[in-house]
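Quick look at data01.tsv (TSV, N, CA and C atoms):
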chain	number	residue	atom	x	y	z
O	22	MET	N	139.29	91.04	210.17
O	22	MET	CA	138.03	91.47	210.74
O	22	MET	C	136.88	90.81	210.00
O	23	ILE	N	135.92	90.36	210.72
O	23	ILE	CA	134.73	89.76	210.12
O	23	ILE	C	133.85	90.87	209.58
O	24	GLY	N	133.30	90.66	208.41
O	24	GLY	CA	132.33	91.59	207.88
O	24	GLY	C	132.70	92.16	206.53
O	25	CYS	N	132.01	91.75	205.51
O	25	CYS	CA	132.06	92.34	204.18
O	25	CYS	C	133.41	92.24	203.49
O	26	ARG	N	134.16	91.21	203.76
O	26	ARG	CA	135.40	91.02	203.01
O	26	ARG	C	135.03	90.68	201.58
O	27	THR	N	135.81	91.15	200.66
O	27	THR	CA	135.48	90.94	199.25
O	27	THR	C	136.35	89.89	198.59
O	28	ASP	N	137.18	89.18	199.39
O	28	ASP	CA	138.01	88.15	198.79
O	28	ASP	C	137.13	87.07	198.16
O	29	ASP	N	137.62	86.51	197.08
O	29	ASP	CA	136.87	85.53	196.33
O	29	ASP	C	136.88	84.19	197.05
O	30	LEU	N	135.70	83.68	197.37
O	30	LEU	CA	135.60	82.36	197.98
O	30	LEU	C	135.26	81.37	196.88
O	31	LEU	N	136.16	80.46	196.64
O	31	LEU	CA	135.96	79.49	195.57
O	31	LEU	C	134.83	78.54	195.91
O	32	SER	N	134.14	78.11	194.90
O	32	SER	CA	133.06	77.16	195.08
O	32	SER	C	133.59	75.79	194.72
O	33	VAL	N	134.33	75.17	195.64
O	33	VAL	CA	134.97	73.90	195.32
O	33	VAL	C	134.46	72.69	196.09
O	34	PRO	N	133.46	72.82	197.01
O	34	PRO	CA	133.04	71.60	197.68
O	34	PRO	C	132.66	70.52	196.66
O	35	GLY	N	133.12	69.32	196.89
O	35	GLY	CA	132.81	68.22	196.00
O	35	GLY	C	133.67	68.21	194.75
O	36	SER	N	134.74	69.01	194.72
O	36	SER	CA	135.59	69.08	193.52
O	36	SER	C	136.39	67.80	193.33
O	37	GLY	N	136.56	67.04	194.39
O	37	GLY	CA	137.36	65.83	194.30
O	37	GLY	C	138.82	66.08	194.61
O	38	ASN	N	139.23	67.32	194.69
O	38	ASN	CA	140.60	67.67	195.03
O	38	ASN	C	140.64	68.04	196.50
O	39	LEU	N	141.19	67.16	197.33
O	39	LEU	CA	141.17	67.34	198.77
O	39	LEU	C	141.86	68.61	199.21
O	40	ASP	N	143.00	68.96	198.59
O	40	ASP	CA	143.69	70.19	198.96
O	40	ASP	C	142.83	71.41	198.70
O	41	GLU	N	142.13	71.45	197.55
O	41	GLU	CA	141.24	72.56	197.25
O	41	GLU	C	140.10	72.62	198.24
O	42	GLU	N	139.55	71.47	198.61
O	42	GLU	CA	138.43	71.44	199.55
O	42	GLU	C	138.86	71.91	200.94
O	43	VAL	N	140.04	71.49	201.39
O	43	VAL	CA	140.54	71.94	202.70
O	43	VAL	C	140.79	73.44	202.67
O	44	ASP	N	141.39	73.95	201.58
O	44	ASP	CA	141.60	75.39	201.46
O	44	ASP	C	140.27	76.14	201.51
O	45	HIS	N	139.26	75.58	200.82
O	45	HIS	CA	137.93	76.20	200.84
O	45	HIS	C	137.39	76.22	202.27
O	46	LEU	N	137.53	75.14	202.98
O	46	LEU	CA	137.04	75.09	204.37
O	46	LEU	C	137.79	76.08	205.24
O	47	MET	N	139.08	76.25	205.01
O	47	MET	CA	139.84	77.24	205.77
O	47	MET	C	139.29	78.63	205.49
O	48	ARG	N	138.97	78.93	204.23
O	48	ARG	CA	138.43	80.25	203.87
O	48	ARG	C	137.10	80.50	204.57
O	49	ILE	N	136.16	79.55	204.46
O	49	ILE	CA	134.83	79.79	205.01
O	49	ILE	C	134.82	79.81	206.52
O	50	ASN	N	135.87	79.29	207.14
O	50	ASN	CA	135.96	79.31	208.60
O	50	ASN	C	136.92	80.37	209.10
O	51	GLY	N	137.32	81.29	208.23
O	51	GLY	CA	138.16	82.40	208.65
O	51	GLY	C	139.64	82.09	208.71
O	52	GLY	N	140.06	80.93	208.22
O	52	GLY	CA	141.47	80.56	208.23
O	52	GLY	C	142.17	81.00	206.96
O	53	GLU	N	143.44	80.70	206.89
O	53	GLU	CA	144.23	81.08	205.74
O	53	GLU	C	144.47	79.86	204.85
O	54	PRO	N	144.00	79.91	203.59
O	54	PRO	CA	144.22	78.79	202.69
O	54	PRO	C	145.71	78.51	202.52
O	55	GLY	N	146.03	77.25	202.33
O	55	GLY	CA	147.42	76.87	202.11
O	55	GLY	C	148.20	76.63	203.38
O	56	LYS	N	147.70	77.09	204.49
O	56	LYS	CA	148.38	76.87	205.77
O	56	LYS	C	147.61	75.78	206.50
O	57	HIS	N	148.19	74.62	206.55
O	57	HIS	CA	147.51	73.51	207.21
O	57	HIS	C	147.88	73.50	208.68
O	58	HIS	N	146.87	73.57	209.47
O	58	HIS	CA	147.01	73.64	210.91
O	58	HIS	C	147.09	72.22	211.49
O	59	PRO	N	147.45	72.11	212.76
O	59	PRO	CA	147.56	70.79	213.38
O	59	PRO	C	146.30	69.93	213.26
O	60	PHE	N	145.15	70.58	213.18
O	60	PHE	CA	143.91	69.81	213.09
O	60	PHE	C	143.49	69.55	211.64
O	61	ALA	N	144.38	69.78	210.69
O	61	ALA	CA	144.05	69.64	209.27
O	61	ALA	C	143.54	68.25	208.93
O	62	ALA	N	144.10	67.21	209.54
O	62	ALA	CA	143.64	65.84	209.25
O	62	ALA	C	142.18	65.67	209.65
O	63	THR	N	141.81	66.25	210.78
O	63	THR	CA	140.41	66.18	211.22
O	63	THR	C	139.51	66.94	210.27
O	64	VAL	N	139.95	68.12	209.88
O	64	VAL	CA	139.18	68.94	208.93
O	64	VAL	C	139.00	68.18	207.63
O	65	GLU	N	140.09	67.62	207.14
O	65	GLU	CA	140.02	66.89	205.87
O	65	GLU	C	139.02	65.75	205.93
O	66	ARG	N	139.04	65.04	207.01
O	66	ARG	CA	138.20	63.84	207.11
O	66	ARG	C	136.73	64.16	207.36
O	67	ILE	N	136.46	65.02	208.31
O	67	ILE	CA	135.08	65.26	208.72
O	67	ILE	C	134.40	66.34	207.89
O	68	PHE	N	135.00	67.52	207.87
O	68	PHE	CA	134.32	68.65	207.26
O	68	PHE	C	134.27	68.59	205.75
O	69	SER	N	135.31	68.07	205.11
O	69	SER	CA	135.26	68.01	203.64
O	69	SER	C	134.14	67.10	203.18
O	70	GLU	N	133.89	66.02	203.90
O	70	GLU	CA	132.78	65.15	203.54
O	70	GLU	C	131.44	65.85	203.74
O	71	ALA	N	131.29	66.55	204.88
O	71	ALA	CA	130.03	67.23	205.16
O	71	ALA	C	129.74	68.33	204.14
O	72	TRP	N	130.78	69.06	203.76
O	72	TRP	CA	130.57	70.18	202.84
O	72	TRP	C	130.57	69.75	201.37
O	73	SER	N	130.77	68.49	201.09
O	73	SER	CA	130.77	68.07	199.69
O	73	SER	C	129.60	67.15	199.34
O	74	LEU	N	128.62	67.05	200.23
O	74	LEU	CA	127.44	66.25	199.93
O	74	LEU	C	126.71	66.87	198.74
O	75	ASN	N	126.50	66.08	197.73
O	75	ASN	CA	125.92	66.59	196.49
O	75	ASN	C	124.44	66.93	196.60
O	76	SER	N	123.74	66.38	197.57
O	76	SER	CA	122.30	66.61	197.66
O	76	SER	C	121.96	67.95	198.32
O	77	LEU	N	122.96	68.61	198.94
O	77	LEU	CA	122.72	69.90	199.59
O	77	LEU	C	123.48	71.00	198.87
O	78	THR	N	122.82	72.13	198.67
O	78	THR	CA	123.50	73.28	198.09
O	78	THR	C	124.32	73.98	199.17
O	79	GLY	N	125.20	74.88	198.77
O	79	GLY	CA	125.94	75.67	199.74
O	79	GLY	C	125.00	76.47	200.62
O	80	ARG	N	123.92	76.97	200.03
O	80	ARG	CA	122.91	77.72	200.78
O	80	ARG	C	122.24	76.83	201.83
O	81	ASP	N	121.88	75.61	201.43
O	81	ASP	CA	121.26	74.66	202.37
O	81	ASP	C	122.20	74.41	203.55
O	82	ARG	N	123.46	74.13	203.23
O	82	ARG	CA	124.44	73.86	204.28
O	82	ARG	C	124.59	75.05	205.22
O	83	ARG	N	124.64	76.24	204.62
O	83	ARG	CA	124.82	77.46	205.41
O	83	ARG	C	123.64	77.67	206.37
O	84	LEU	N	122.42	77.48	205.88
O	84	LEU	CA	121.25	77.64	206.73
O	84	LEU	C	121.25	76.63	207.88
O	85	LEU	N	121.56	75.38	207.56
O	85	LEU	CA	121.62	74.35	208.60
O	85	LEU	C	122.68	74.69	209.64
O	86	LEU	N	123.83	75.13	209.17
O	86	LEU	CA	124.93	75.45	210.07
O	86	LEU	C	124.61	76.66	210.95
O	87	ILE	N	124.01	77.69	210.38
O	87	ILE	CA	123.63	78.86	211.17
O	87	ILE	C	122.66	78.46	212.27
O	88	GLY	N	121.67	77.65	211.95
O	88	GLY	CA	120.71	77.19	212.96
O	88	GLY	C	121.38	76.38	214.06
O	89	ALA	N	122.28	75.48	213.66
O	89	ALA	CA	122.97	74.64	214.64
O	89	ALA	C	123.87	75.47	215.54
O	90	LEU	N	124.67	76.36	214.96
O	90	LEU	CA	125.59	77.18	215.76
O	90	LEU	C	124.83	78.12	216.68
O	91	ALA	N	123.73	78.68	216.19
O	91	ALA	CA	122.91	79.56	217.04
O	91	ALA	C	122.33	78.76	218.21
O	92	GLY	N	121.85	77.56	217.92
O	92	GLY	CA	121.29	76.71	218.98
O	92	GLY	C	122.32	76.31	220.02
O	93	LEU	N	123.55	76.12	219.58
O	93	LEU	CA	124.62	75.74	220.51
O	93	LEU	C	125.23	76.94	221.23
O	94	GLY	N	124.93	78.15	220.72
O	94	GLY	CA	125.49	79.36	221.32
O	94	GLY	C	126.96	79.57	221.02
O	95	VAL	N	127.43	79.08	219.86
O	95	VAL	CA	128.83	79.22	219.47
O	95	VAL	C	128.96	80.50	218.63
O	96	ASP	N	128.96	81.63	219.33
O	96	ASP	CA	128.86	82.92	218.65
O	96	ASP	C	130.05	83.27	217.75
O	97	ASP	N	131.26	82.85	218.11
O	97	ASP	CA	132.41	83.20	217.26
O	97	ASP	C	132.31	82.51	215.90
O	98	MET	N	131.98	81.24	215.88
O	98	MET	CA	131.81	80.54	214.60
O	98	MET	C	130.57	81.02	213.88
O	99	LEU	N	129.51	81.31	214.64
O	99	LEU	CA	128.28	81.82	214.04
O	99	LEU	C	128.54	83.12	213.31
O	100	THR	N	129.30	84.01	213.92
O	100	THR	CA	129.63	85.30	213.29
O	100	THR	C	130.38	85.08	211.99
O	101	ARG	N	131.34	84.16	211.98
O	101	ARG	CA	132.10	83.87	210.76
O	101	ARG	C	131.20	83.34	209.65
O	102	HIS	N	130.24	82.47	210.01
O	102	HIS	CA	129.37	81.89	208.99
O	102	HIS	C	128.30	82.86	208.52
O	103	LEU	N	127.86	83.76	209.37
O	103	LEU	CA	126.95	84.81	208.93
O	103	LEU	C	127.66	85.71	207.92
O	104	ASP	N	128.90	86.07	208.24
O	104	ASP	CA	129.72	86.88	207.34
O	104	ASP	C	129.91	86.16	206.01
O	105	ALA	N	130.27	84.89	206.07
O	105	ALA	CA	130.50	84.12	204.84
O	105	ALA	C	129.21	83.98	204.03
O	106	ALA	N	128.06	83.85	204.71
O	106	ALA	CA	126.79	83.74	204.00
O	106	ALA	C	126.53	84.97	203.13
O	107	LEU	N	126.84	86.15	203.67
O	107	LEU	CA	126.68	87.38	202.89
O	107	LEU	C	127.73	87.50	201.80
O	108	ARG	N	128.99	87.22	202.12
O	108	ARG	CA	130.08	87.37	201.16
O	108	ARG	C	129.95	86.44	199.97
O	109	THR	N	129.51	85.22	200.22
O	109	THR	CA	129.40	84.24	199.14
O	109	THR	C	128.10	84.38	198.36
O	110	GLY	N	127.16	85.16	198.89
O	110	GLY	CA	125.87	85.29	198.24
O	110	GLY	C	124.93	84.15	198.57
O	111	ASP	N	125.33	83.28	199.52
O	111	ASP	CA	124.43	82.19	199.93
O	111	ASP	C	123.13	82.75	200.47
O	112	LEU	N	123.23	83.84	201.23
O	112	LEU	CA	122.05	84.49	201.81
O	112	LEU	C	122.21	86.00	201.69
O	113	ASN	N	121.08	86.68	201.45
O	113	ASN	CA	121.11	88.14	201.43
O	113	ASN	C	120.57	88.65	202.77
O	114	PRO	N	120.64	89.94	203.04
O	114	PRO	CA	120.19	90.45	204.34
O	114	PRO	C	118.75	90.07	204.69
O	115	GLY	N	117.85	90.14	203.72
O	115	GLY	CA	116.45	89.77	203.98
O	115	GLY	C	116.31	88.30	204.37
O	116	GLU	N	117.06	87.44	203.70
O	116	GLU	CA	117.00	86.00	204.01
O	116	GLU	C	117.60	85.72	205.39
O	117	LEU	N	118.66	86.44	205.76
O	117	LEU	CA	119.23	86.26	207.10
O	117	LEU	C	118.21	86.67	208.16
O	118	ARG	N	117.53	87.79	207.91
O	118	ARG	CA	116.49	88.24	208.86
O	118	ARG	C	115.35	87.23	208.95
O	119	ASP	N	114.95	86.66	207.82
O	119	ASP	CA	113.89	85.65	207.83
O	119	ASP	C	114.33	84.39	208.57
O	120	ALA	N	115.59	84.03	208.42
O	120	ALA	CA	116.12	82.86	209.14
O	120	ALA	C	116.04	83.10	210.65
O	121	VAL	N	116.39	84.31	211.07
O	121	VAL	CA	116.29	84.65	212.51
O	121	VAL	C	114.85	84.51	212.97
O	122	ALA	N	113.92	85.08	212.21
O	122	ALA	CA	112.50	85.01	212.59
O	122	ALA	C	112.03	83.57	212.66
O	123	PHE	N	112.47	82.74	211.72
O	123	PHE	CA	112.08	81.33	211.73
O	123	PHE	C	112.62	80.61	212.96
O	124	LEU	N	113.83	80.95	213.38
O	124	LEU	CA	114.50	80.23	214.47
O	124	LEU	C	114.03	80.63	215.87
O	125	VAL	N	113.32	81.75	216.01
O	125	VAL	CA	112.92	82.23	217.34
O	125	VAL	C	112.26	81.15	218.19
O	126	PRO	N	111.23	80.45	217.71
O	126	PRO	CA	110.60	79.46	218.60
O	126	PRO	C	111.48	78.25	218.91
O	127	TYR	N	112.48	78.01	218.09
O	127	TYR	CA	113.37	76.86	218.29
O	127	TYR	C	114.57	77.20	219.17
O	128	LEU	N	115.02	78.44	219.10
O	128	LEU	CA	116.19	78.87	219.87
O	128	LEU	C	115.82	79.39	221.25
O	129	GLY	N	114.63	79.92	221.37
O	129	GLY	CA	114.27	80.64	222.58
O	129	GLY	C	114.62	82.11	222.40
O	130	LEU	N	114.00	82.94	223.19
O	130	LEU	CA	114.13	84.38	223.01
O	130	LEU	C	115.56	84.88	223.21
O	131	ALA	N	116.26	84.39	224.21
O	131	ALA	CA	117.61	84.89	224.50
O	131	ALA	C	118.58	84.61	223.36
O	132	ARG	N	118.61	83.38	222.88
O	132	ARG	CA	119.54	83.06	221.79
O	132	ARG	C	119.11	83.70	220.48
O	133	ALA	N	117.80	83.78	220.24
O	133	ALA	CA	117.32	84.43	219.03
O	133	ALA	C	117.65	85.92	219.05
O	134	ALA	N	117.55	86.55	220.21
O	134	ALA	CA	117.91	87.97	220.32
O	134	ALA	C	119.39	88.17	220.04
O	135	LYS	N	120.23	87.27	220.51
O	135	LYS	CA	121.67	87.35	220.24
O	135	LYS	C	121.93	87.17	218.74
O	136	LEU	N	121.27	86.20	218.12
O	136	LEU	CA	121.42	85.98	216.68
O	136	LEU	C	120.97	87.22	215.92
O	137	HIS	N	119.83	87.78	216.31
O	137	HIS	CA	119.32	89.00	215.67
O	137	HIS	C	120.36	90.12	215.76
O	138	ALA	N	120.95	90.30	216.93
O	138	ALA	CA	121.95	91.36	217.12
O	138	ALA	C	123.16	91.12	216.23
O	139	LEU	N	123.63	89.88	216.12
O	139	LEU	CA	124.78	89.57	215.26
O	139	LEU	C	124.46	89.85	213.80
O	140	VAL	N	123.28	89.45	213.37
O	140	VAL	CA	122.87	89.65	211.97
O	140	VAL	C	122.78	91.15	211.66
O	141	GLU	N	122.12	91.91	212.52
O	141	GLU	CA	121.94	93.34	212.27
O	141	GLU	C	123.28	94.08	212.31
O	142	GLU	N	124.17	93.70	213.22
O	142	GLU	CA	125.49	94.32	213.28
O	142	GLU	C	126.26	94.07	211.99
O	143	LEU	N	126.20	92.85	211.49
O	143	LEU	CA	126.90	92.51	210.25
O	143	LEU	C	126.31	93.26	209.06
O	144	ILE	N	124.99	93.31	208.98
O	144	ILE	CA	124.33	94.01	207.87
O	144	ILE	C	124.67	95.50	207.92
O	145	ASP	N	124.65	96.09	209.11
O	145	ASP	CA	125.02	97.50	209.25
O	145	ASP	C	126.45	97.74	208.80
O	146	ARG	N	127.36	96.86	209.21
O	146	ARG	CA	128.77	97.00	208.87
O	146	ARG	C	128.97	96.89	207.36
O	147	CYS	N	128.14	96.09	206.72
O	147	CYS	CA	128.25	95.90	205.28
O	147	CYS	C	127.56	97.01	204.49
O	148	GLY	N	126.78	97.81	205.19
O	148	GLY	CA	126.06	98.89	204.51
O	148	GLY	C	124.92	98.40	203.66
O	149	GLU	N	124.40	97.22	204.00
O	149	GLU	CA	123.29	96.66	203.21
O	149	GLU	C	122.00	96.85	203.98
O	150	THR	N	120.88	96.66	203.30
O	150	THR	CA	119.58	96.83	203.96
O	150	THR	C	118.74	95.59	203.86

Once you've parsed the file, please lay out its structure as structure tokens.
Amino acid sequence: MIGCRTDDLLSVPGSGNLDEEVDHLMRINGGEPGKHHPFAATVERIFSEAWSLNSLTGRDRRLLLIGALAGLGVDDMLTRHLDAALRTGDLNPGELRDAVAFLVPYLGLARAAKLHALVEELIDRCGET
């Protein structure tokens, strides 16, 4: 279930160990570390590079990804990344709310309202304010 999981998410992007980076990507995307799926080669090649750029922090990446997923309307992945943002400490509830407010003119009212609902549902489930 998405929401307030307390499992430890390792901070390994850019570690140089491809297996650790793929496991990290599986964790942040709701997958099971150590189990390489048929698309693992694609994940290894594309996503490990994107998530290991040294000039961006995990928080920077998370904000960019939340904006992109919200704009595309990919709610299932968006929900997973909102959850991961809270669990990893990349963003707190106030910062998630501010991100929603910032994105309203760029997303349009319908998508921003959906993002707002996802954020508030997750925050409520986590018992945070």

Listed atoms of segment 99-116 of chain O, axis-aligned box, 6 Å per side: centre and edge lengths to one decimal in Å, as JSON?
{"center_x": 124.2, "center_y": 85.9, "center_z": 206.4, "size_x": 27.8, "size_y": 21.1, "size_z": 28.4}

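Coordinates place atom C of Met98 of chain O at a distance of 20.5 Å from atom C of Glu149 of chain O.
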
(request) Rounded to one decimal place, report the atom N of Ala120 of chain O-atom N of Val140 of chain O distance in Å. (result)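 Separation between atom N of Ala120 of chain O and atom N of Val140 of chain O: 10.6 Å.
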
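Here atom C of Gly115 of chain O is placed at a distance of 17.0 Å from atom C of Arg132 of chain O.
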
(request) Find the spatial neighbours of Leu86 of chain O, counting all atoms listed in the file, within a cut-off of 8 Å - ignore same-chain residues fewer than 5 positions away - and output them as an MDAnalysis selection string. (result) chainID O and resid 80:81 91:92 98:99 102:103

Can you tell me which residues surround Lys135 of chain O at a distance of at most 10 Å, considering only C-alpha atoms, apart from same-chain residues fewer than 3 positions away, and format the answer as a PDB file with N, CA and C atoms, keeping the file's coordinate frame?
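Generated output (part_36.pdb):
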ATOM      1  N   ALA O  91     123.730  78.680 216.190  1.00  0.00           N
ATOM      2  CA  ALA O  91     122.910  79.560 217.040  1.00  0.00           C
ATOM      3  C   ALA O  91     122.330  78.760 218.210  1.00  0.00           C
ATOM      4  N   GLY O  94     124.930  78.150 220.720  1.00  0.00           N
ATOM      5  CA  GLY O  94     125.490  79.360 221.320  1.00  0.00           C
ATOM      6  C   GLY O  94     126.960  79.570 221.020  1.00  0.00           C
ATOM      7  N   ASP O  96     128.960  81.630 219.330  1.00  0.00           N
ATOM      8  CA  ASP O  96     128.860  82.920 218.650  1.00  0.00           C
ATOM      9  C   ASP O  96     130.050  83.270 217.750  1.00  0.00           C
ATOM     10  N   VAL O 121     116.390  84.310 211.070  1.00  0.00           N
ATOM     11  CA  VAL O 121     116.290  84.650 212.510  1.00  0.00           C
ATOM     12  C   VAL O 121     114.850  84.510 212.970  1.00  0.00           C
ATOM     13  N   LEU O 130     114.000  82.940 223.190  1.00  0.00           N
ATOM     14  CA  LEU O 130     114.130  84.380 223.010  1.00  0.00           C
ATOM     15  C   LEU O 130     115.560  84.880 223.210  1.00  0.00           C
ATOM     16  N   ALA O 131     116.260  84.390 224.210  1.00  0.00           N
ATOM     17  CA  ALA O 131     117.610  84.890 224.500  1.00  0.00           C
ATOM     18  C   ALA O 131     118.580  84.610 223.360  1.00  0.00           C
ATOM     19  N   ARG O 132     118.610  83.380 222.880  1.00  0.00           N
ATOM     20  CA  ARG O 132     119.540  83.060 221.790  1.00  0.00           C
ATOM     21  C   ARG O 132     119.110  83.700 220.480  1.00  0.00           C
ATOM     22  N   ALA O 138     120.950  90.300 216.930  1.00  0.00           N
ATOM     23  CA  ALA O 138     121.950  91.360 217.120  1.00  0.00           C
ATOM     24  C   ALA O 138     123.160  91.120 216.230  1.00  0.00           C
ATOM     25  N   LEU O 139     123.630  89.880 216.120  1.00  0.00           N
ATOM     26  CA  LEU O 139     124.780  89.570 215.260  1.00  0.00           C
ATOM     27  C   LEU O 139     124.460  89.850 213.800  1.00  0.00           C
ATOM     28  N   VAL O 140     123.280  89.450 213.370  1.00  0.00           N
ATOM     29  CA  VAL O 140     122.870  89.650 211.970  1.00  0.00           C
ATOM     30  C   VAL O 140     122.780  91.150 211.660  1.00  0.00           C
ATOM     31  N   GLU O 141     122.120  91.910 212.520  1.00  0.00           N
ATOM     32  CA  GLU O 141     121.940  93.340 212.270  1.00  0.00           C
ATOM     33  C   GLU O 141     123.280  94.080 212.310  1.00  0.00           C
TER      34      GLU O 141
END

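Distances here use only C-alpha atoms; by that measure, the residue among O:Gly148, O:His137, O:Leu143, O:Gly110 closest to Gly79 of chain O is O:Gly110.
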
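If you measure from each of O:Leu84, O:Leu90, O:Ala134, O:Arg101 to Asn113 of chain O using only C-alpha atoms, the closest one turns out to be O:Leu84.
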